[in-house]
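One structure below.
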Amino acid sequence: NNTEILNTKLDFKSYPFDLQNLKIEIINNFPMAGIDIFEDEIEDFFDIDPEIIYDKKNNTLYEWNITPENINYKISNDNLNILITAERNANYFIFKVFSPILLILIVCWSILFIEPKQLESRLTVSIVCFLTLIAYNFVIDEDLPKLGYLTLIDYIVLISYLYSAIPTLISIFEYKVKDNSKLSIYNNKIKIVGVGSYILLIFISLSISSFKNPNANTFS
């Protein structure tokens, strides 16, 4: 059996919420036979079995979602161009990457409910969470593409690093504050601002990725 390997340049800037446009060009070796005949044969080809390019029932590309509606064709210069839009299945990253990171951050920020004077207890929890996040990043790094530019998941992880370090800095600052009345008001505000700003930064990252990259599938 002859095996043909197809390759194309992919854009991973919106990874793992990306979609990729794949193109297969089939050259017509008998252009003199007439483009109408060639086009009729192609239409019959797709009418017989719309999933002939991608067999969903026997799908082995579990990382991608492809439907017959995402497979189109057009005739260009007597040649057939098959256009396939492949949408990455991001459920793996949502449940096995982002959810654990979010859980680590929740535990990390929970130290703000501990009395500020218990600095040792606060630092123990926050530093352990920070180191856990770093260790977890090494675990998931094997599943990430090795690229020369930052992807969407890289930005989310970097933002999470920052927000896992902030509670430690807040704890040290609060420990130095002598006025307990002002400290209580400050503590309540920082909880709201911290959570709100993290959500806002993630949303901005998703929006920028979707706006700049035509291959983004962030909000579909």
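Letters for chains follow the order of the structure tokens (A, B, ...), residue numbers begin at 1 for each chain, and ligand numbers begin at 1 in the order shown.
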
Contact residues around A:Val139 with only C-alpha atoms at 10 Å, ignoring same-chain residues under 5 positions, as a list in words: Val97, Leu133 and Ile134 of chain A

Could you please determine the separation between atom CA of A:Ile202 and atom CA of A:Ile156 in Å, to one decimal place?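 Going from atom CA of A:Ile202 over to atom CA of A:Ile156 covers 6.5 Å.
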
Select, from A:Glu63, A:Asp154, A:Asp141, A:Asp11, the residue with the minimum atom-to-atom distance to A:Tyr92, counting only C-alpha atoms.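 Of the candidates, the smallest distance to A:Tyr92 is held by A:Glu63.
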
Just list the residues in stretch 41-217 of chain A DSSP gives strand (DSSP E) on the backbone, as a PyMOL selection string. chain A and resi 64-65+71-76+79-88

Put those residues in a file: all heavy atoms, as a compact mmCIF listing (two decimals), in the first residue's frame.
```
# COMPACT_ATOMS: atom_id res chain seq x y z
N TRP A 64 -9.72 16.41 17.38
CA TRP A 64 -10.31 17.36 16.44
C TRP A 64 -11.78 17.05 16.20
O TRP A 64 -12.20 15.89 16.26
CB TRP A 64 -9.56 17.32 15.10
CG TRP A 64 -8.12 17.70 15.23
CD1 TRP A 64 -7.05 16.87 15.42
CD2 TRP A 64 -7.59 19.03 15.18
NE1 TRP A 64 -5.91 17.60 15.50
CE2 TRP A 64 -6.19 18.92 15.35
CE3 TRP A 64 -8.15 20.29 15.01
CZ2 TRP A 64 -5.36 20.03 15.35
CZ3 TRP A 64 -7.32 21.40 15.02
CH2 TRP A 64 -5.95 21.27 15.19
N ASN A 65 -12.53 18.10 15.92
CA ASN A 65 -13.93 17.96 15.52
C ASN A 65 -14.06 18.39 14.06
O ASN A 65 -13.75 19.53 13.72
CB ASN A 65 -14.83 18.83 16.40
CG ASN A 65 -14.87 18.35 17.84
OD1 ASN A 65 -14.84 17.14 18.10
ND2 ASN A 65 -14.92 19.29 18.77
N ILE A 71 -16.45 20.53 5.35
CA ILE A 71 -15.67 20.04 4.21
C ILE A 71 -16.30 20.60 2.94
O ILE A 71 -17.43 20.29 2.60
CB ILE A 71 -15.66 18.50 4.16
CG1 ILE A 71 -15.08 17.94 5.46
CG2 ILE A 71 -14.85 18.01 2.97
CD1 ILE A 71 -15.13 16.43 5.54
N ASN A 72 -15.58 21.45 2.26
CA ASN A 72 -16.09 22.09 1.04
C ASN A 72 -15.08 21.89 -0.09
O ASN A 72 -13.93 21.50 0.14
CB ASN A 72 -16.32 23.59 1.29
CG ASN A 72 -17.34 23.84 2.38
OD1 ASN A 72 -18.50 23.48 2.25
ND2 ASN A 72 -16.89 24.44 3.48
N TYR A 73 -15.52 22.18 -1.27
CA TYR A 73 -14.62 22.06 -2.42
C TYR A 73 -14.89 23.19 -3.40
O TYR A 73 -15.96 23.80 -3.42
CB TYR A 73 -14.80 20.71 -3.12
CG TYR A 73 -16.09 20.59 -3.88
CD1 TYR A 73 -16.15 20.93 -5.24
CD2 TYR A 73 -17.26 20.16 -3.27
CE1 TYR A 73 -17.33 20.84 -5.96
CE2 TYR A 73 -18.45 20.08 -3.97
CZ TYR A 73 -18.47 20.42 -5.32
OH TYR A 73 -19.64 20.33 -6.02
N LYS A 74 -13.89 23.48 -4.19
CA LYS A 74 -14.06 24.43 -5.28
C LYS A 74 -13.09 24.06 -6.40
O LYS A 74 -12.04 23.46 -6.17
CB LYS A 74 -13.82 25.86 -4.80
CG LYS A 74 -12.39 26.17 -4.40
CD LYS A 74 -12.26 27.65 -4.03
CE LYS A 74 -10.81 27.98 -3.67
NZ LYS A 74 -10.64 29.42 -3.33
N ILE A 75 -13.49 24.43 -7.61
CA ILE A 75 -12.66 24.17 -8.79
C ILE A 75 -11.85 25.43 -9.10
O ILE A 75 -12.39 26.52 -9.20
CB ILE A 75 -13.52 23.79 -10.01
CG1 ILE A 75 -14.44 22.61 -9.67
CG2 ILE A 75 -12.63 23.47 -11.20
CD1 ILE A 75 -13.71 21.35 -9.32
N SER A 76 -10.55 25.25 -9.19
CA SER A 76 -9.67 26.38 -9.48
C SER A 76 -8.60 25.92 -10.46
O SER A 76 -7.86 24.97 -10.19
CB SER A 76 -9.02 26.90 -8.19
OG SER A 76 -8.12 27.95 -8.47
N ASN A 79 -8.36 22.38 -11.36
CA ASN A 79 -7.98 21.47 -10.28
C ASN A 79 -9.02 21.53 -9.16
O ASN A 79 -9.73 22.51 -9.00
CB ASN A 79 -6.60 21.84 -9.72
CG ASN A 79 -5.51 21.74 -10.78
OD1 ASN A 79 -5.58 20.88 -11.66
ND2 ASN A 79 -4.53 22.63 -10.70
N LEU A 80 -9.07 20.46 -8.39
CA LEU A 80 -10.01 20.37 -7.28
C LEU A 80 -9.31 20.76 -5.98
O LEU A 80 -8.27 20.20 -5.63
CB LEU A 80 -10.57 18.95 -7.16
CG LEU A 80 -11.36 18.64 -5.88
CD1 LEU A 80 -12.62 19.48 -5.82
CD2 LEU A 80 -11.67 17.16 -5.79
N ASN A 81 -9.87 21.72 -5.27
CA ASN A 81 -9.36 22.11 -3.96
C ASN A 81 -10.38 21.71 -2.89
O ASN A 81 -11.50 22.19 -2.89
CB ASN A 81 -9.13 23.63 -3.90
CG ASN A 81 -8.02 24.06 -4.84
OD1 ASN A 81 -6.95 23.46 -4.85
ND2 ASN A 81 -8.27 25.08 -5.65
N ILE A 82 -9.97 20.79 -2.03
CA ILE A 82 -10.82 20.36 -0.92
C ILE A 82 -10.41 21.17 0.31
O ILE A 82 -9.25 21.15 0.73
CB ILE A 82 -10.66 18.86 -0.65
CG1 ILE A 82 -11.05 18.06 -1.90
CG2 ILE A 82 -11.53 18.44 0.53
CD1 ILE A 82 -10.81 16.58 -1.76
N LEU A 83 -11.36 21.89 0.88
CA LEU A 83 -11.10 22.76 2.03
C LEU A 83 -11.74 22.15 3.27
O LEU A 83 -12.95 21.91 3.31
CB LEU A 83 -11.67 24.15 1.78
CG LEU A 83 -11.22 24.81 0.46
CD1 LEU A 83 -11.92 26.15 0.26
CD2 LEU A 83 -9.70 24.99 0.44
N ILE A 84 -10.93 21.88 4.27
CA ILE A 84 -11.40 21.25 5.51
C ILE A 84 -11.12 22.18 6.68
O ILE A 84 -10.00 22.64 6.86
CB ILE A 84 -10.70 19.90 5.74
CG1 ILE A 84 -10.91 18.97 4.54
CG2 ILE A 84 -11.20 19.24 7.02
CD1 ILE A 84 -10.12 17.68 4.63
N THR A 85 -12.14 22.46 7.46
CA THR A 85 -11.98 23.26 8.68
C THR A 85 -12.02 22.31 9.87
O THR A 85 -13.05 21.69 10.15
CB THR A 85 -13.10 24.31 8.81
OG1 THR A 85 -13.05 25.19 7.68
CG2 THR A 85 -12.90 25.13 10.08
N ALA A 86 -10.90 22.20 10.55
CA ALA A 86 -10.77 21.29 11.70
C ALA A 86 -10.77 22.11 12.99
O ALA A 86 -9.94 22.99 13.17
CB ALA A 86 -9.49 20.47 11.59
N GLU A 87 -11.72 21.82 13.86
CA GLU A 87 -11.84 22.53 15.14
C GLU A 87 -11.27 21.66 16.25
O GLU A 87 -11.66 20.51 16.42
CB GLU A 87 -13.31 22.84 15.41
CG GLU A 87 -13.58 23.44 16.77
CD GLU A 87 -15.07 23.54 17.04
OE1 GLU A 87 -15.87 23.45 16.09
OE2 GLU A 87 -15.43 23.70 18.22
N ARG A 88 -10.33 22.20 17.01
CA ARG A 88 -9.72 21.43 18.07
C ARG A 88 -10.72 21.18 19.21
O ARG A 88 -11.45 22.08 19.62
CB ARG A 88 -8.49 22.15 18.64
CG ARG A 88 -7.68 21.28 19.62
CD ARG A 88 -6.52 22.07 20.20
NE ARG A 88 -5.63 22.55 19.17
CZ ARG A 88 -4.66 21.83 18.60
NH1 ARG A 88 -4.47 20.58 18.98
NH2 ARG A 88 -3.89 22.35 17.67
```

For atom CA of A:Leu150 and atom CA of A:Ile127, the interatomic separation in Å (one decimal):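 For atom CA of A:Leu150 relative to atom CA of A:Ile127, the distance reads 25.8 Å.
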
So, with only C-alpha atoms as the atoms that count, which of A:Tyr198, A:Tyr149, A:Phe173, A:Tyr155 lies closest to A:Tyr186?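 Checking each of A:Tyr198, A:Tyr149, A:Phe173, A:Tyr155 against A:Tyr186, counting only C-alpha atoms, the winner is A:Phe173.
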
Given only C-alpha atoms as the basis, pick out the residue of A:Val177, A:Cys129, A:Leu183, A:Ile159 nearest to A:Ser197.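 Comparing A:Val177, A:Cys129, A:Leu183, A:Ile159 against A:Ser197, the winner is A:Ile159.
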
Would you kindly return, as number ranges by chain, each protein, DNA or RNA residue with an atom no farther than 9 Å from any atom of A:Leu10, considering only C-alpha atoms and excluding same-chain residues fewer than 3 positions away? A: 20-22

Just to be explicit: take each residue in the selection above, keep all heavy atoms, and write the result as a PDB file, in the first residue's frame.
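Dumped everything to selection.pdb:
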```
ATOM      1  N   GLN A  20      -8.150  25.000  12.464  1.00  0.00           N
ATOM      2  CA  GLN A  20      -7.174  25.011  11.387  1.00  0.00           C
ATOM      3  C   GLN A  20      -7.863  24.792  10.048  1.00  0.00           C
ATOM      4  O   GLN A  20      -8.767  23.955   9.930  1.00  0.00           O
ATOM      5  CB  GLN A  20      -6.116  23.925  11.614  1.00  0.00           C
ATOM      6  CG  GLN A  20      -5.376  24.031  12.944  1.00  0.00           C
ATOM      7  CD  GLN A  20      -4.542  25.274  13.067  1.00  0.00           C
ATOM      8  OE1 GLN A  20      -4.162  25.891  12.060  1.00  0.00           O
ATOM      9  NE2 GLN A  20      -4.224  25.668  14.302  1.00  0.00           N
ATOM     10  N   ASN A  21      -7.444  25.562   9.067  1.00  0.00           N
ATOM     11  CA  ASN A  21      -7.973  25.430   7.706  1.00  0.00           C
ATOM     12  C   ASN A  21      -6.999  24.596   6.884  1.00  0.00           C
ATOM     13  O   ASN A  21      -5.867  25.009   6.624  1.00  0.00           O
ATOM     14  CB  ASN A  21      -8.160  26.814   7.080  1.00  0.00           C
ATOM     15  CG  ASN A  21      -9.186  27.644   7.828  1.00  0.00           C
ATOM     16  OD1 ASN A  21     -10.258  27.155   8.155  1.00  0.00           O
ATOM     17  ND2 ASN A  21      -8.860  28.889   8.113  1.00  0.00           N
ATOM     18  N   LEU A  22      -7.441  23.426   6.509  1.00  0.00           N
ATOM     19  CA  LEU A  22      -6.613  22.483   5.756  1.00  0.00           C
ATOM     20  C   LEU A  22      -7.049  22.466   4.296  1.00  0.00           C
ATOM     21  O   LEU A  22      -8.239  22.555   3.998  1.00  0.00           O
ATOM     22  CB  LEU A  22      -6.725  21.086   6.360  1.00  0.00           C
ATOM     23  CG  LEU A  22      -6.566  20.991   7.882  1.00  0.00           C
ATOM     24  CD1 LEU A  22      -6.774  19.563   8.351  1.00  0.00           C
ATOM     25  CD2 LEU A  22      -5.205  21.507   8.312  1.00  0.00           C
TER      26      LEU A  22
END
```
